$ cat data28.pdb   # PDB, C-alpha atoms, pLDDT in the B column
ATOM      1  CA  MET A   1     -45.724 -67.631 -88.644  1.00 82.00           C
ATOM      2  CA  THR A   2     -44.810 -67.872 -84.979  1.00 94.00           C
ATOM      3  CA  SER A   3     -41.963 -65.893 -83.458  1.00 91.00           C
ATOM      4  CA  ASN A   4     -39.897 -69.116 -83.218  1.00 91.00           C
ATOM      5  CA  GLU A   5     -40.439 -69.805 -86.922  1.00 93.00           C
ATOM      6  CA  LEU A   6     -39.481 -66.238 -87.803  1.00 95.00           C
ATOM      7  CA  ARG A   7     -36.372 -66.507 -85.650  1.00 95.00           C
ATOM      8  CA  ARG A   8     -35.392 -69.790 -87.295  1.00 95.00           C
ATOM      9  CA  GLU A   9     -35.892 -68.317 -90.770  1.00 97.00           C
ATOM     10  CA  SER A  10     -33.725 -65.352 -89.788  1.00 97.00           C
ATOM     11  CA  VAL A  11     -30.933 -67.606 -88.503  1.00 97.00           C
ATOM     12  CA  ILE A  12     -31.132 -69.780 -91.644  1.00 97.00           C
ATOM     13  CA  LYS A  13     -30.820 -66.615 -93.738  1.00 97.00           C
ATOM     14  CA  ASP A  14     -27.753 -65.495 -91.764  1.00 98.00           C
ATOM     15  CA  VAL A  15     -26.140 -68.953 -91.917  1.00 98.00           C
ATOM     16  CA  THR A  16     -26.727 -69.042 -95.676  1.00 97.00           C
ATOM     17  CA  ALA A  17     -25.202 -65.588 -96.179  1.00 97.00           C
ATOM     18  CA  ILE A  18     -22.158 -66.422 -94.050  1.00 97.00           C
ATOM     19  CA  PHE A  19     -21.685 -69.750 -95.858  1.00 97.00           C
ATOM     20  CA  ILE A  20     -21.747 -68.005 -99.248  1.00 96.00           C
ATOM     21  CA  ASP A  21     -19.421 -65.237 -98.073  1.00 96.00           C
ATOM     22  CA  VAL A  22     -16.831 -67.497 -96.450  1.00 95.00           C
ATOM     23  CA  ILE A  23     -16.752 -70.073 -99.249  1.00 94.00           C
ATOM     24  CA  GLY A  24     -16.269 -67.321-101.801  1.00 92.00           C
ATOM     25  CA  PHE A  25     -16.059 -69.502-104.918  1.00 91.00           C
ATOM     26  CA  LEU A  26     -19.742 -69.984-105.715  1.00 93.00           C
ATOM     27  CA  THR A  27     -21.086 -68.596-108.965  1.00 94.00           C
ATOM     28  CA  ASP A  28     -24.134 -66.332-108.903  1.00 95.00           C
ATOM     29  CA  ASP A  29     -26.296 -69.260-110.059  1.00 96.00           C
ATOM     30  CA  GLU A  30     -24.895 -71.513-107.306  1.00 94.00           C
ATOM     31  CA  LYS A  31     -25.507 -68.818-104.690  1.00 94.00           C
ATOM     32  CA  LYS A  32     -29.184 -68.796-105.662  1.00 95.00           C
ATOM     33  CA  MET A  33     -29.350 -72.571-105.066  1.00 94.00           C
ATOM     34  CA  VAL A  34     -28.186 -72.367-101.432  1.00 96.00           C
ATOM     35  CA  ASN A  35     -31.094 -72.904 -99.030  1.00 95.00           C
ATOM     36  CA  GLY A  36     -31.957 -74.572 -95.739  1.00 95.00           C
ATOM     37  CA  ARG A  37     -31.540 -78.044 -97.207  1.00 97.00           C
ATOM     38  CA  THR A  38     -28.087 -77.353 -98.656  1.00 96.00           C
ATOM     39  CA  HIS A  39     -25.434 -79.826 -97.467  1.00 95.00           C
ATOM     40  CA  ILE A  40     -22.472 -77.533 -96.891  1.00 91.00           C
ATOM     41  CA  ILE A  41     -19.874 -80.116 -97.901  1.00 92.00           C
ATOM     42  CA  LYS A  42     -21.452 -82.444-100.472  1.00 94.00           C
ATOM     43  CA  ASP A  43     -23.528 -79.986-102.494  1.00 94.00           C
ATOM     44  CA  PHE A  44     -20.592 -77.749-103.421  1.00 91.00           C
ATOM     45  CA  ASN A  45     -17.547 -79.976-102.810  1.00 90.00           C
ATOM     46  CA  VAL A  46     -16.445 -77.869 -99.861  1.00 91.00           C
ATOM     47  CA  ASP A  47     -13.335 -79.248 -98.169  1.00 90.00           C
ATOM     48  CA  GLY A  48     -12.856 -79.673 -94.432  1.00 87.00           C
ATOM     49  CA  ASP A  49     -10.768 -76.512 -94.073  1.00 92.00           C
ATOM     50  CA  ASP A  50     -13.465 -74.378 -95.701  1.00 92.00           C
ATOM     51  CA  ALA A  51     -16.148 -76.021 -93.547  1.00 92.00           C
ATOM     52  CA  THR A  52     -14.066 -75.181 -90.469  1.00 94.00           C
ATOM     53  CA  GLU A  53     -13.804 -71.568 -91.625  1.00 96.00           C
ATOM     54  CA  VAL A  54     -17.587 -71.433 -92.006  1.00 96.00           C
ATOM     55  CA  GLY A  55     -18.009 -72.810 -88.488  1.00 96.00           C
ATOM     56  CA  MET A  56     -15.594 -70.270 -87.043  1.00 97.00           C
ATOM     57  CA  ALA A  57     -17.363 -67.413 -88.825  1.00 98.00           C
ATOM     58  CA  LEU A  58     -20.719 -68.613 -87.490  1.00 98.00           C
ATOM     59  CA  GLU A  59     -19.362 -68.898 -83.942  1.00 97.00           C
ATOM     60  CA  LYS A  60     -18.045 -65.343 -84.157  1.00 97.00           C
ATOM     61  CA  HIS A  61     -21.206 -63.908 -85.733  1.00 97.00           C
ATOM     62  CA  PHE A  62     -23.595 -65.516 -83.252  1.00 97.00           C
ATOM     63  CA  SER A  63     -21.219 -65.548 -80.237  1.00 96.00           C
ATOM     64  CA  VAL A  64     -21.758 -69.274 -79.671  1.00 97.00           C
ATOM     65  CA  LYS A  65     -19.332 -72.164 -79.216  1.00 96.00           C
ATOM     66  CA  PRO A  66     -20.791 -75.592 -80.111  1.00 96.00           C
ATOM     67  CA  THR A  67     -18.539 -78.551 -79.358  1.00 96.00           C
ATOM     68  CA  LEU A  68     -16.705 -80.387 -82.127  1.00 93.00           C
ATOM     69  CA  GLU A  69     -19.026 -83.321 -81.511  1.00 96.00           C
ATOM     70  CA  GLU A  70     -22.069 -81.088 -82.100  1.00 97.00           C
ATOM     71  CA  TRP A  71     -20.543 -79.637 -85.275  1.00 95.00           C
ATOM     72  CA  GLY A  72     -19.898 -83.178 -86.483  1.00 94.00           C
ATOM     73  CA  LYS A  73     -23.605 -83.996 -86.316  1.00 96.00           C
ATOM     74  CA  VAL A  74     -24.798 -81.158 -88.579  1.00 96.00           C
ATOM     75  CA  ALA A  75     -24.270 -80.618 -92.288  1.00 94.00           C
ATOM     76  CA  LEU A  76     -27.439 -79.074 -93.697  1.00 97.00           C
ATOM     77  CA  ILE A  77     -27.948 -75.321 -93.379  1.00 97.00           C
ATOM     78  CA  TYR A  78     -31.149 -75.782 -91.353  1.00 97.00           C
ATOM     79  CA  GLU A  79     -29.401 -78.211 -88.980  1.00 98.00           C
ATOM     80  CA  ILE A  80     -26.642 -75.667 -88.420  1.00 97.00           C
ATOM     81  CA  ALA A  81     -29.258 -72.973 -87.761  1.00 98.00           C
ATOM     82  CA  ASP A  82     -31.006 -75.220 -85.227  1.00 97.00           C
ATOM     83  CA  LEU A  83     -27.685 -75.883 -83.458  1.00 97.00           C
ATOM     84  CA  ILE A  84     -27.002 -72.154 -83.261  1.00 97.00           C
ATOM     85  CA  ILE A  85     -30.494 -71.471 -81.894  1.00 97.00           C
ATOM     86  CA  LYS A  86     -29.970 -74.182 -79.271  1.00 96.00           C
ATOM     87  CA  HIS A  87     -26.815 -72.400 -78.105  1.00 96.00           C
ATOM     88  CA  LEU A  88     -28.410 -68.964 -78.246  1.00 95.00           C
ATOM     89  CA  ASP A  89     -31.230 -70.277 -76.059  1.00 93.00           C
ATOM     90  CA  LYS A  90     -28.686 -71.558 -73.519  1.00 88.00           C
ATOM     91  CA  LYS A  91     -27.299 -68.030 -73.237  1.00 78.00           C
ATOM     92  CA  SER A  92     -30.700 -66.535 -72.452  1.00 72.00           C
TER
END
$ encode --input "data28.pdb" --output "structure tokens"
Amino acid sequence: MTSNELRRESVIKDVTAIFIDVIGFLTDDEKKMVNGRTHIIKDFNVDGDDATEVGMALEKHFSVKPTLEEWGKVALIYEIADLIIKHLDKKS
């Protein structure tokens, strides 16, 4: 695996953990199902307020600030991770 692939996997892992933590209502079995292809709204019936909370937690954790338009274009865990990496790269 390249360093970029390892970095992406690490960010996906962090996004997944933050999603699970912020949502708070997933069962242990549901938590095990969350992965890079998880749709954060449709797969677990997450409402808009919870999705916003997840976004805010991610912004705080990674110290990034995607625009609302950018947030509106991502829904899968891996897409969110890629958006975060894009903003982390801008900071470098």
$ residues_near_point --input "data28.pdb" --point "(-30.6, -84.2, -87.3)" --cutoff "10 Å" --atoms "only C-alpha atoms" --output "PyMOL selection string"
chain A and resi 73-76+78-80+82-83
$ resolve_selection --input "data28.pdb" --expression "the PyMOL selection byres ((chain A and resi 54-68) around 12)" --output "PyMOL selection string"
chain A and resi 11-12+14-24+40-41+46-53+69-75+77+80-92
$ axis_aligned_box --input "data28.pdb" --around "segment 16-28 of chain A" --padding-each-side "3 Å" --output "lines of an AutoDock Vina configuration file"
center_x = -21.4
center_y = -67.7
center_z = -101.5
size_x = 16.7
size_y = 10.8
size_z = 20.9
$ atom_distance --input "data28.pdb" --atom1 "atom CA of His39 of chain A" --atom2 "atom CA of Phe25 of chain A"
15.8 Å
$ atom_distance --input "data28.pdb" --atom1 "atom CA of Glu9 of chain A" --atom2 "atom CA of Met33 of chain A"
16.3 Å
$ atom_distance --input "data28.pdb" --atom1 "atom CA of Glu5 of chain A" --atom2 "atom CA of Phe44 of chain A"
27.0 Å
